[in-house]
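query-v7.txt, holding compact mmCIF, C-alpha atoms:
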# COMPACT_ATOMS: atom_id res chain seq x y z
CA MET B 1 67.39 234.76 25.22
CA HIS B 2 70.98 233.66 24.84
CA ILE B 3 74.51 234.91 25.30
CA TYR B 4 77.65 233.65 23.63
CA VAL B 5 80.68 233.19 25.86
CA THR B 6 84.14 232.31 24.59
CA ASP B 7 86.12 230.40 27.20
CA HIS B 8 89.85 230.56 27.92
CA ASN B 9 90.53 227.91 25.27
CA GLY B 10 88.77 229.91 22.55
CA LYS B 11 85.66 227.73 22.50
CA GLU B 12 82.34 229.53 22.16
CA HIS B 13 79.38 228.46 24.33
CA GLU B 14 75.76 229.44 23.71
CA LEU B 15 74.16 229.93 27.13
CA GLU B 16 70.51 230.48 27.93
CA ALA B 17 70.09 233.67 29.95
CA LEU B 18 67.20 234.99 32.00
CA GLU B 19 65.98 238.57 32.13
CA GLY B 20 67.46 240.40 35.12
CA TRP B 21 70.30 237.95 35.68
CA ARG B 22 73.80 239.30 35.77
CA VAL B 23 75.97 238.02 32.94
CA MET B 24 78.41 236.75 35.61
CA GLU B 25 75.59 234.67 37.14
CA VAL B 26 74.65 233.19 33.77
CA ILE B 27 78.27 232.20 33.13
CA ARG B 28 78.70 230.76 36.63
CA ASP B 29 75.36 228.96 36.59
CA TRP B 30 76.22 227.13 33.38
CA GLY B 31 79.44 226.00 34.95
CA LEU B 32 81.96 227.94 32.91
CA PRO B 33 85.11 228.82 34.86
CA ILE B 34 84.79 232.31 36.32
CA LYS B 35 86.24 233.33 39.67
CA ALA B 36 83.75 236.05 40.67
CA GLU B 37 84.98 235.86 44.25
CA CYS B 38 82.92 238.68 45.75
CA GLY B 39 79.72 237.21 44.34
CA GLY B 40 78.57 240.23 42.36
CA ALA B 41 79.27 243.13 44.71
CA CYS B 42 81.56 244.97 42.27
CA ALA B 43 84.32 244.53 44.82
CA CYS B 44 86.91 242.14 43.41
CA ALA B 45 87.20 242.50 39.60
CA THR B 46 87.51 238.73 39.11
CA CYS B 47 84.49 238.39 36.76
CA HIS B 48 86.30 240.37 34.08
CA VAL B 49 85.22 239.80 30.45
CA PHE B 50 86.07 241.30 27.08
CA VAL B 51 82.94 242.43 25.22
CA ASP B 52 82.69 241.80 21.48
CA PRO B 53 83.30 245.17 19.77
CA ASP B 54 79.88 244.92 18.01
CA TRP B 55 78.21 244.87 21.39
CA GLN B 56 80.29 247.45 23.28
CA ASP B 57 78.04 250.40 22.44
CA LYS B 58 74.85 248.49 23.22
CA LEU B 59 75.82 248.17 26.89
CA HIS B 60 75.17 250.95 29.36
CA ALA B 61 78.41 252.71 30.19
CA ALA B 62 80.39 251.43 33.15
CA SER B 63 79.57 253.22 36.40
CA ASP B 64 82.31 255.07 38.28
CA GLU B 65 82.34 252.18 40.71
CA GLU B 66 82.90 249.66 37.91
CA GLU B 67 85.62 251.86 36.37
CA ASP B 68 87.32 252.00 39.77
CA MET B 69 87.24 248.23 40.05
CA LEU B 70 88.59 247.83 36.52
CA ASP B 71 91.72 249.51 37.90
CA MET B 72 92.21 246.24 39.82
CA VAL B 73 92.31 244.22 36.61
CA PRO B 74 95.86 243.58 35.45
CA ASP B 75 94.87 242.71 31.86
CA VAL B 76 92.44 245.54 31.13
CA LYS B 77 91.53 246.54 27.54
CA ASP B 78 89.19 249.09 25.97
CA ASN B 79 86.42 246.50 25.83
CA SER B 80 86.90 245.27 29.41
CA ARG B 81 83.82 245.02 31.60
CA LEU B 82 82.90 243.33 34.85
CA SER B 83 80.24 240.76 33.98
CA CYS B 84 78.52 241.17 37.34
CA GLN B 85 77.62 244.70 36.29
CA ILE B 86 75.84 243.71 33.07
CA LEU B 87 72.17 242.88 33.65
CA MET B 88 70.44 240.74 31.04
CA SER B 89 67.55 242.29 29.13
CA GLU B 90 65.88 241.68 25.74
CA GLU B 91 68.23 244.18 24.08
CA LEU B 92 71.22 242.07 25.08
CA ASP B 93 69.85 238.85 23.53
CA GLY B 94 72.81 237.51 21.55
CA LEU B 95 75.51 239.36 23.57
CA LYS B 96 79.01 238.07 22.93
CA VAL B 97 81.77 238.17 25.53
CA SER B 98 84.97 236.28 26.19
CA LEU B 99 86.39 235.32 29.58
CA ALA B 100 89.51 237.32 30.53
CA PRO B 101 92.60 235.53 31.90
CA SER B 102 92.27 237.45 35.17
CA ALA B 103 88.81 235.90 35.72
CA LYS B 104 90.14 232.34 35.73
CA PRO B 105 89.44 230.55 39.03
CA ASP B 106 93.15 229.81 39.26
CA ALA B 107 94.27 233.21 37.93
CA GLU B 108 97.94 234.01 38.38
CA VAL B 109 99.02 235.24 41.79
CA ALA B 110 102.42 236.22 43.00
CA MET U 111 114.05 230.61 62.93
CA SER U 112 111.76 228.35 64.94
CA GLU U 113 110.63 230.00 68.13
CA GLN U 114 109.21 228.39 71.19
CA GLU U 115 106.15 226.24 70.60
CA ILE U 116 102.87 228.03 71.29
CA VAL U 117 100.48 225.70 73.08
CA THR U 118 96.72 226.26 72.82
CA ASP U 119 93.46 224.32 72.55
CA VAL U 120 92.54 225.39 69.03
CA VAL U 121 94.24 227.02 66.08
CA ILE U 122 91.79 228.73 63.75
CA VAL U 123 93.08 229.22 60.22
CA GLY U 124 91.48 232.46 59.03
CA ALA U 125 90.25 235.49 60.98
CA GLY U 126 87.25 236.27 58.79
CA PRO U 127 83.73 236.58 60.21
CA VAL U 128 83.28 232.84 60.65
CA GLY U 129 86.69 232.32 62.31
CA LEU U 130 85.92 235.22 64.67
CA PHE U 131 82.53 233.80 65.64
CA ALA U 132 84.12 230.40 66.22
CA VAL U 133 86.20 232.07 68.99
CA PHE U 134 82.94 233.03 70.68
CA GLU U 135 81.28 229.62 70.37
CA LEU U 136 84.44 227.78 71.51
CA GLY U 137 84.97 230.34 74.26
CA LEU U 138 81.57 229.61 75.80
CA LEU U 139 82.83 226.03 76.17
CA ASP U 140 86.08 227.19 77.88
CA ILE U 141 88.23 226.57 74.81
CA LYS U 142 91.13 228.93 74.05
CA CYS U 143 92.00 229.94 70.48
CA HIS U 144 94.82 231.38 68.42
CA LEU U 145 93.89 232.72 64.98
CA ILE U 146 96.23 232.97 62.01
CA ASP U 147 95.50 235.12 58.96
CA ILE U 148 97.47 236.13 55.89
CA LEU U 149 95.97 239.63 55.89
CA ASP U 150 97.27 242.38 58.17
CA LYS U 151 93.86 242.76 59.80
CA PRO U 152 90.82 240.73 60.88
CA GLY U 153 87.64 240.41 58.80
CA GLY U 154 88.77 238.41 55.77
CA GLN U 155 86.78 239.23 52.64
CA CYS U 156 84.55 241.60 54.64
CA ALA U 157 87.55 243.75 55.48
CA GLU U 158 89.66 243.27 52.37
CA LEU U 159 87.10 243.32 49.56
CA TYR U 160 84.13 245.27 50.82
CA PRO U 161 84.69 247.05 54.16
CA GLU U 162 82.36 249.89 53.13
CA LYS U 163 79.70 247.84 51.37
CA PRO U 164 76.45 247.13 53.17
CA ILE U 165 75.50 243.50 53.82
CA TYR U 166 71.74 242.88 54.09
CA ASP U 167 71.46 239.22 55.03
CA ILE U 168 72.94 239.05 58.51
CA PRO U 169 70.16 238.03 60.89
CA ALA U 170 68.95 240.95 63.05
CA PHE U 171 71.03 243.48 61.09
CA PRO U 172 68.87 244.94 58.29
CA GLU U 173 72.03 246.61 57.05
CA ILE U 174 75.62 246.41 58.25
CA SER U 175 78.95 247.14 56.56
CA GLY U 176 81.72 244.56 56.29
CA GLN U 177 83.83 246.62 58.69
CA GLU U 178 81.06 247.07 61.26
CA LEU U 179 80.33 243.35 61.17
CA THR U 180 84.02 242.63 61.75
CA ASP U 181 84.23 245.14 64.62
CA ASN U 182 81.16 243.64 66.29
CA LEU U 183 82.51 240.11 65.99
CA LEU U 184 85.85 241.19 67.48
CA LYS U 185 83.99 242.74 70.40
CA GLN U 186 81.92 239.58 70.84
CA ALA U 187 85.08 237.42 70.86
CA GLU U 188 86.99 239.76 73.19
CA PRO U 189 85.92 238.21 76.55
CA PHE U 190 87.60 234.97 75.53
CA GLY U 191 91.02 236.52 74.99
CA PRO U 192 91.91 235.11 71.59
CA THR U 193 95.40 235.74 70.20
CA TYR U 194 95.61 237.03 66.63
CA HIS U 195 98.57 236.39 64.35
CA TYR U 196 98.43 238.45 61.15
CA ASN U 197 100.55 238.57 57.99
CA ARG U 198 101.33 234.90 58.05
CA MET U 199 100.10 231.78 56.35
CA VAL U 200 99.70 228.28 57.75
CA ASN U 201 101.95 226.02 55.74
CA GLU U 202 101.78 222.69 57.47
CA ILE U 203 99.54 220.74 59.79
CA GLU U 204 101.09 217.58 61.22
CA ARG U 205 99.37 215.10 63.46
CA GLN U 206 101.43 213.83 66.40
CA ASP U 207 101.29 210.34 67.86
CA ASN U 208 99.33 211.57 70.89
CA GLY U 209 96.66 213.13 68.65
CA ASP U 210 97.90 216.74 69.00
CA PHE U 211 98.54 218.80 65.93
CA ILE U 212 101.64 220.81 65.13
CA VAL U 213 100.74 223.82 62.99
CA LYS U 214 103.54 225.72 61.25
CA THR U 215 103.38 229.16 59.65
CA ASP U 216 105.52 230.78 56.99
CA ALA U 217 106.66 233.24 59.68
CA GLY U 218 108.42 230.41 61.49
CA GLU U 219 106.06 229.87 64.42
CA THR U 220 104.99 226.48 65.66
CA PHE U 221 101.69 225.90 67.43
CA ARG U 222 100.68 222.78 69.32
CA CYS U 223 96.91 222.23 69.63
CA LYS U 224 94.24 219.59 70.03
CA VAL U 225 91.94 220.87 67.29
CA VAL U 226 92.42 222.80 64.05
CA VAL U 227 89.53 224.79 62.60
CA VAL U 228 89.94 225.76 58.96
CA ALA U 229 87.90 228.91 58.37
CA ALA U 230 89.90 230.08 55.39
CA GLY U 231 87.10 231.30 53.12
CA GLY U 232 88.31 231.22 49.53
CA GLY U 233 91.87 230.48 50.58
CA SER U 234 94.65 232.95 51.17
CA PHE U 235 94.73 236.45 49.71
CA GLN U 236 97.66 236.96 47.34
CA PRO U 237 98.65 239.86 45.11
CA LYS U 238 97.34 239.70 41.53
CA ARG U 239 100.18 239.12 39.10
CA PRO U 240 100.09 241.20 35.91
CA PRO U 241 100.20 239.08 32.72
CA VAL U 242 103.68 240.25 31.74
CA PRO U 243 106.02 237.68 30.17
CA ASN U 244 108.73 236.47 32.53
CA ILE U 245 107.69 238.64 35.46
CA GLU U 246 108.13 235.68 37.88
CA ALA U 247 111.86 235.68 37.16
CA PHE U 248 112.17 239.16 38.70
CA GLU U 249 109.81 238.79 41.66
CA ASN U 250 111.28 239.46 45.12
CA GLN U 251 114.51 240.65 43.52
CA SER U 252 113.48 243.74 41.61
CA VAL U 253 109.72 243.32 41.26
CA PHE U 254 107.82 243.64 44.55
CA TYR U 255 104.15 243.49 45.51
CA ALA U 256 104.74 244.93 48.96
CA VAL U 257 107.38 247.02 50.70
CA ARG U 258 109.12 245.17 53.52
CA LYS U 259 112.09 247.51 53.90
CA MET U 260 111.95 251.05 52.51
CA ASP U 261 115.72 251.00 52.21
CA ASP U 262 115.51 248.37 49.45
CA PHE U 263 114.10 251.15 47.29
CA ARG U 264 116.57 253.93 48.13
CA ASP U 265 118.32 255.49 45.12
CA HIS U 266 116.47 253.26 42.69
CA ASP U 267 114.56 254.09 39.53
CA ILE U 268 111.12 253.03 40.70
CA VAL U 269 108.05 252.32 38.59
CA ILE U 270 104.75 251.91 40.43
CA VAL U 271 101.69 250.67 38.55
CA GLY U 272 98.09 251.09 39.70
CA GLY U 273 95.52 253.67 40.76
CA GLY U 274 94.38 252.61 44.20
CA ASP U 275 95.50 253.52 47.70
CA SER U 276 98.44 251.11 47.76
CA ALA U 277 99.86 252.56 44.54
CA LEU U 278 99.36 256.15 45.66
CA ASP U 279 100.55 255.63 49.26
CA TRP U 280 103.78 254.01 48.11
CA THR U 281 104.28 256.67 45.45
CA LEU U 282 104.16 259.31 48.17
CA ASN U 283 106.26 257.33 50.66
CA LEU U 284 109.00 256.30 48.26
CA ALA U 285 109.26 259.55 46.27
CA PRO U 286 111.66 261.23 48.73
CA LEU U 287 114.22 258.40 48.66
CA ALA U 288 113.95 257.29 45.03
CA LYS U 289 116.46 258.23 42.38
CA SER U 290 113.44 258.61 40.11
CA LEU U 291 109.82 257.52 40.46
CA THR U 292 107.20 257.02 37.77
CA LEU U 293 103.57 256.20 38.47
CA VAL U 294 101.84 254.33 35.65
CA HIS U 295 98.06 253.99 35.50
CA ARG U 296 95.59 253.10 32.75
CA ARG U 297 93.63 256.36 33.09
CA ASP U 298 94.01 259.81 34.55
CA SER U 299 91.57 259.08 37.33
CA PHE U 300 92.24 257.32 40.63
CA ARG U 301 90.20 255.37 43.12
CA ALA U 302 92.60 256.31 45.92
CA HIS U 303 91.85 258.92 48.57
CA THR U 304 91.51 262.41 47.07
CA ASP U 305 94.11 263.75 49.46
CA SER U 306 96.74 261.26 48.22
CA VAL U 307 95.84 261.97 44.60
CA ASN U 308 96.26 265.73 45.18
CA LYS U 309 99.65 265.22 46.84
CA MET U 310 100.76 262.96 43.97
CA ARG U 311 99.68 265.55 41.37
CA ALA U 312 101.58 268.24 43.25
CA LEU U 313 104.76 266.13 43.12
CA VAL U 314 104.27 265.66 39.37
CA ASP U 315 103.80 269.43 38.92
CA GLU U 316 106.99 270.11 40.88
CA GLY U 317 108.82 267.69 38.60
CA LYS U 318 109.74 265.40 41.50
CA ILE U 319 107.97 262.36 40.06
CA ASN U 320 106.51 261.37 36.69
CA PHE U 321 103.09 260.15 35.73
CA GLU U 322 102.48 258.04 32.62
CA LEU U 323 99.21 256.78 31.18
CA GLY U 324 99.45 253.15 30.16
CA GLN U 325 99.96 249.55 31.15
CA ILE U 326 103.00 247.32 31.50
CA ALA U 327 103.77 245.56 28.22
CA SER U 328 107.11 243.90 28.95
CA LEU U 329 110.18 243.95 31.17
CA GLU U 330 113.85 244.11 30.32
CA GLY U 331 116.66 242.87 32.49
CA GLU U 332 118.57 239.78 33.49
CA ASN U 333 119.40 237.62 36.52
CA GLY U 334 116.36 238.82 38.38
CA GLN U 335 117.29 242.48 37.98
CA ILE U 336 115.07 244.62 35.73
CA SER U 337 116.60 247.46 33.74
CA ALA U 338 113.50 248.85 32.04
CA VAL U 339 109.71 248.65 32.12
CA ASN U 340 108.09 248.98 28.72
CA ILE U 341 104.62 250.42 28.82
CA LYS U 342 102.00 250.75 26.12
CA ASN U 343 99.32 253.37 25.78
CA ALA U 344 97.22 255.03 23.08
CA ASP U 345 100.37 256.65 21.65
CA GLY U 346 102.26 253.39 21.36
CA GLU U 347 105.07 251.94 23.45
CA LYS U 348 107.48 253.69 25.74
CA SER U 349 110.46 252.41 27.66
CA LEU U 350 110.99 253.56 31.24
CA PRO U 351 114.41 252.92 32.80
CA ALA U 352 113.69 251.08 36.04
CA THR U 353 115.46 249.04 38.69
CA ARG U 354 112.41 248.49 40.88
CA LEU U 355 108.83 247.70 39.81
CA MET U 356 105.78 247.56 42.05
CA PRO U 357 102.49 246.42 40.50
CA PHE U 358 99.40 247.11 42.66
CA PHE U 359 96.28 245.39 41.30
CA GLY U 360 94.85 244.29 44.61
CA LEU U 361 94.56 240.85 46.08
CA THR U 362 92.78 237.71 45.03
CA MET U 363 92.22 234.42 46.78
CA LYS U 364 94.07 231.21 46.16
CA LEU U 365 93.45 227.89 47.91
CA GLY U 366 97.15 227.56 48.67
CA PRO U 367 98.57 225.06 51.19
CA VAL U 368 95.07 223.89 52.29
CA ALA U 369 95.23 221.49 49.34
CA ASN U 370 98.29 219.79 50.87
CA TRP U 371 96.87 218.94 54.28
CA GLY U 372 95.55 215.53 53.26
CA LEU U 373 91.89 216.46 53.64
CA ASN U 374 89.23 215.11 51.28
CA LEU U 375 88.35 217.85 48.84
CA HIS U 376 85.35 218.52 46.61
CA GLU U 377 86.37 220.85 43.76
CA ASN U 378 88.82 222.81 45.92
CA LEU U 379 86.50 222.88 48.93
CA ILE U 380 86.90 220.77 52.06
CA GLU U 381 84.31 218.03 52.46
CA VAL U 382 82.59 218.00 55.85
CA ASP U 383 79.61 216.34 57.49
CA THR U 384 76.67 218.48 58.59
CA GLU U 385 76.58 217.34 62.19
CA LYS U 386 80.05 218.36 63.30
CA PHE U 387 81.55 220.02 60.22
CA ALA U 388 84.43 217.61 60.64
CA THR U 389 86.81 216.92 57.79
CA SER U 390 88.15 213.52 56.80
CA GLU U 391 90.87 213.98 59.46
CA LYS U 392 89.75 213.60 63.07
CA GLY U 393 90.33 216.83 64.97
CA ILE U 394 90.36 219.07 61.90
CA PHE U 395 87.13 220.94 61.23
CA ALA U 396 86.23 223.22 58.31
CA ILE U 397 83.61 225.98 58.54
CA GLY U 398 82.46 228.85 56.35
CA ASP U 399 83.06 229.33 52.62
CA ILE U 400 85.93 226.82 52.52
CA ASN U 401 83.74 223.77 53.24
CA TYR U 402 81.39 221.72 51.11
CA TYR U 403 78.37 219.58 51.93
CA PRO U 404 75.20 218.90 49.95
CA GLY U 405 73.05 222.02 49.98
CA LYS U 406 75.88 224.30 51.11
CA LEU U 407 75.20 228.02 50.72
CA LYS U 408 78.17 230.35 50.94
CA LEU U 409 76.57 232.74 53.39
CA ILE U 410 78.09 234.26 56.52
CA LEU U 411 75.06 233.08 58.47
CA SER U 412 75.69 229.48 57.40
CA GLY U 413 79.23 229.80 58.73
CA PHE U 414 77.93 231.03 62.09
CA HIS U 415 75.70 227.97 62.42
CA GLU U 416 78.57 225.72 61.42
CA ALA U 417 80.80 227.34 64.08
CA ALA U 418 78.29 226.57 66.83
CA LEU U 419 77.95 222.90 65.94
CA MET U 420 81.67 222.48 65.36
CA ALA U 421 82.35 223.87 68.85
CA GLN U 422 80.24 221.13 70.46
CA ALA U 423 82.21 218.46 68.61
CA ALA U 424 85.57 220.12 69.33
CA LYS U 425 84.70 220.22 73.04
CA LYS U 426 84.47 216.42 73.13
CA ILE U 427 87.99 216.17 71.71
CA ILE U 428 89.56 218.84 73.90
CA HIS U 429 87.84 217.98 77.19
CA PRO U 430 86.71 214.38 76.62
CA ASP U 431 85.83 213.75 80.26
CA GLU U 432 83.72 216.84 80.78
CA LYS U 433 79.99 216.54 80.43
CA VAL U 434 78.61 219.45 78.44
CA VAL U 435 75.31 220.86 79.57
CA PHE U 436 73.68 222.89 76.85
CA GLN U 437 72.96 226.40 78.11
CA TYR U 438 71.62 229.73 76.90
CA THR U 439 73.53 232.99 77.39
CA THR U 440 70.26 234.69 78.37
CA SER U 441 69.72 232.53 81.43
CA SER U 442 73.01 230.92 82.38
CA THR U 443 74.92 232.85 85.04
CA LYS U 444 77.94 230.63 84.28
CA LEU U 445 78.00 231.71 80.65
CA GLN U 446 77.35 235.31 81.60
CA LYS U 447 80.32 235.22 83.95
CA LYS U 448 82.53 234.03 81.09
CA LEU U 449 81.21 236.88 78.98
CA GLY U 450 82.06 239.37 81.73
CA VAL U 451 78.43 240.34 82.32
CA LYS U 452 78.12 242.26 85.60

Could you render the structure as structure tokens?
Amino acid sequence: MHIYVTDHNGKEHELEALEGWRVMEVIRDWGLPIKAECGGACACATCHVFVDPDWQDKLHAASDEEEDMLDMVPDVKDNSRLSCQILMSEELDGLKVSLAPSAKPDAEVA
Amino acid sequence: MSEQEIVTDVVIVGAGPVGLFAVFELGLLDIKCHLIDILDKPGGQCAELYPEKPIYDIPAFPEISGQELTDNLLKQAEPFGPTYHYNRMVNEIERQDNGDFIVKTDAGETFRCKVVVVAAGGGSFQPKRPPVPNIEAFENQSVFYAVRKMDDFRDHDIVIVGGGDSALDWTLNLAPLAKSLTLVHRRDSFRAHTDSVNKMRALVDEGKINFELGQIASLEGENGQISAVNIKNADGEKSLPATRLMPFFGLTMKLGPVANWGLNLHENLIEVDTEKFATSEKGIFAIGDINYYPGKLKLILSGFHEAALMAQAAKKIIHPDEKVVFQYTTSSTKLQKKLGVK
């Protein structure tokens, strides 16, 4: 199965994904720039992605914990999700997401 | 600004789990440490990102929270009397002709030591900056990510953005002295303590503060002084008169000054060997998540191992004439004495 990830420069990458992997792990494993500083613990909000509107409804809803962490995202939108909270399964074959500015490894700090 | 020089054996940059355990390992070898951390508390990521979350891969602890792990490490380091310096960042490390290092912080202190141990994890924690055009031009003049002096906010039109404890705590603390205060959050639900949320809602009901759903879209103002914060929400845009803005989106890590210390780096990590965890500069070691070597795993347990081996190598630099006899804490009365075992 595959996912399609648009990077910060607008380039789309087709990445092979494995069942049960977190989308964040797929992105990180293929070497695309994603900060993901807590390593998938839903504790830092730096694996933030925007989900393609066609795919939004196919994902399980964000948990309360994920919603809470999305409060820590300065560039949140309606289609914002934390990619460490999306587990790959057959139904998500073809999922399209784009990397949010706040997930850049050198994201803006004050 | 510069105070008296603080003289010690080792300065540890970072008071996360690995820096704390380094105090223990160095302490067993009679080496004294000062630790410097940008956070206001020990524990690093464990304390800042996931104090409540259970960790399952610490040897001999089937389950332990980030905070418990930190508390235990502090207790373990205690017999060696480390000195902790919080809320400051190490800016400079300079080698002296006699081999000593001078370490300078952004709080103006100067340390003189024989060995520097960089245990800085992912770098220094810094506030996340909202992607608002031109916001940098207002920072530290009318846009603040922390409150240093409450008085700087007196009689101002304050806008606070966020839904966590920092946003809510400062809403409650600043409300009594503000000319006006508006809390802005993306949803009508908060991750802050229920008690703070209830108090905030009460203030809104009494008309003492305002609450707006939305996000910051843009700022107005000039010469570093904002005059309005424009927010957008489902209903469109709205302009809030404001002379102070405080965005609270938590902290994130940035490598920071580590990159300027002349150490060989591997993709923003410090290259070390796997015998001593020494960097390319003699006398500077790097342990924990900040280092890189082939096969590196960013695990707390790896950092503990690295701390133990580093300590042996640091000993040879600090006490070059002393012969080190390897001992176990279970059997050595000498080590037990250092640990305060009675």

Open item on the list: Please list, as a ChimeraX atom specification, the residues that have an atom at most 12 Å away from (86.1, 234.5, 28.9) in the coordinates of this file, counting only C-alpha atoms.
Closed with: /B:4-13,23-24,27-28,32-35,46-52,80-83,96-105

Open item on the list: Report, in Å with one decimal, the straight-line distance from CA of Tyr403 (chain U) to CA of Glu25 (chain B).
Closed with: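 Computed distance, CA of Tyr403 (chain U) to CA of Glu25 (chain B), equals 21.3 Å.
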
Task: Distance-based interface of chain U with chain B, 7 Å, counting all atoms listed in the file, as a list of chain:residue names - done: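 Filtering chain U at 7 Å from chain B with all atoms listed in the file gives U:Leu159, U:Tyr160, U:Gln236, U:Pro237, U:Lys238, U:Arg239, U:Pro240, U:Pro241, U:Gly272, U:Gly273, U:Arg301, U:Phe359, U:Gly360.
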
Task: Residue neighbourhood region 364-376 of chain U, 8 Å, only C-alpha atoms, exclusion window fewer than 2 positions, as number ranges by chain - done: B: 106, 109; U: 200-203, 232-236, 362, 378-381, 389-391, 402

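Counting all atoms listed in the file, the residue from B:Gly94, B:His60, B:Gly40, B:Leu15 that sits nearest to Lys163 (chain U) is B:Gly40.
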
- [ ] To one decimal in Å, tell me the separation between CA of Ala62 (chain B) and CA of Trp21 (chain B).
- [x]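 A separation of 17.0 Å between them.
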
Task: Proximity to Ala285 (chain U) - best of U:Val271, U:Tyr255, U:Met199, U:Phe263, all atoms listed in the file - done: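 Smallest separation from Ala285 (chain U) among the options: U:Phe263.
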
Task: Shell around region 183-198 of chain U at 7 Å using all atoms listed in the file, local window under 2 positions removed, as a ChimeraX atom specification - done: /U:127,130-131,133-134,137,142-151,179-181,200,215-217,449-450

Open item on the list: For a test of reading the model, state the distance in Å between CA of Ile319 (chain U) and CA of Glu66 (chain B), rounded to one decimal.
Closed with: 28.2 Å

Task: Minimum-distance residue to Glu16 (chain B), chosen among B:Asp93, B:Pro53, B:Asp29, B:His2 (using all atoms listed in the file) - done: B:His2

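Among the candidate residues U:Lys444, U:Lys259, U:His266, U:His415, the one lying nearest to Pro169 (chain U) is U:His415, with distances computed using all atoms listed in the file.
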
Task: Exercise: Ala421 (chain U) partners within 10 Å, only C-alpha atoms, chain neighbours under 4 positions left out, as a list in words - done: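 The filter keeps Ala132, Val133, Phe134, Glu135, Leu136, Gly137, Leu138, Leu139, Ile141, Val227, Lys386, Phe387, Phe395, Glu416, Ala417, Lys425, Lys426 and Ile427 of chain U.
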
Export, as a tab-separated table (two decimals), in the frame of the given file, the selected residues with C-alpha atoms.
chain	number	residue	atom	x	y	z
U	132	ALA	CA	84.12	230.40	66.22
U	133	VAL	CA	86.20	232.07	68.99
U	134	PHE	CA	82.94	233.03	70.68
U	135	GLU	CA	81.28	229.62	70.37
U	136	LEU	CA	84.44	227.78	71.51
U	137	GLY	CA	84.97	230.34	74.26
U	138	LEU	CA	81.57	229.61	75.80
U	139	LEU	CA	82.83	226.03	76.17
U	141	ILE	CA	88.23	226.57	74.81
U	227	VAL	CA	89.53	224.79	62.60
U	386	LYS	CA	80.05	218.36	63.30
U	387	PHE	CA	81.55	220.02	60.22
U	395	PHE	CA	87.13	220.94	61.23
U	416	GLU	CA	78.57	225.72	61.42
U	417	ALA	CA	80.80	227.34	64.08
U	425	LYS	CA	84.70	220.22	73.04
U	426	LYS	CA	84.47	216.42	73.13
U	427	ILE	CA	87.99	216.17	71.71

- [ ] For Ile270 (chain U), list every protein, DNA or RNA residue within 9 Å, evaluated using all atoms listed in the file, and leave out those in the same chain fewer than 3 positions away; present the list as a list of chain:residue names.
- [x]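 My list of contacting residues is U:Ala277, U:Leu278, U:Trp280, U:Thr281, U:Leu291, U:Thr292, U:Leu293, U:Val294, U:His295, U:Arg354, U:Leu355, U:Met356, U:Pro357, U:Phe358.
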
For the residues selected in the previous step, produce a file with C-alpha atoms as a compact mmCIF listing (two decimals), in the frame of the given file.
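Once everything was written out, this is selection08.txt:
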# COMPACT_ATOMS: atom_id res chain seq x y z
CA ALA U 277 99.86 252.56 44.54
CA LEU U 278 99.36 256.15 45.66
CA TRP U 280 103.78 254.01 48.11
CA THR U 281 104.28 256.67 45.45
CA LEU U 291 109.82 257.52 40.46
CA THR U 292 107.20 257.02 37.77
CA LEU U 293 103.57 256.20 38.47
CA VAL U 294 101.84 254.33 35.65
CA HIS U 295 98.06 253.99 35.50
CA ARG U 354 112.41 248.49 40.88
CA LEU U 355 108.83 247.70 39.81
CA MET U 356 105.78 247.56 42.05
CA PRO U 357 102.49 246.42 40.50
CA PHE U 358 99.40 247.11 42.66

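The nearest approach to Ala256 (chain U) among the residues U:Gly231, U:Ile336, U:Leu361, U:Pro172, with only C-alpha atoms taken into account, belongs to U:Leu361.
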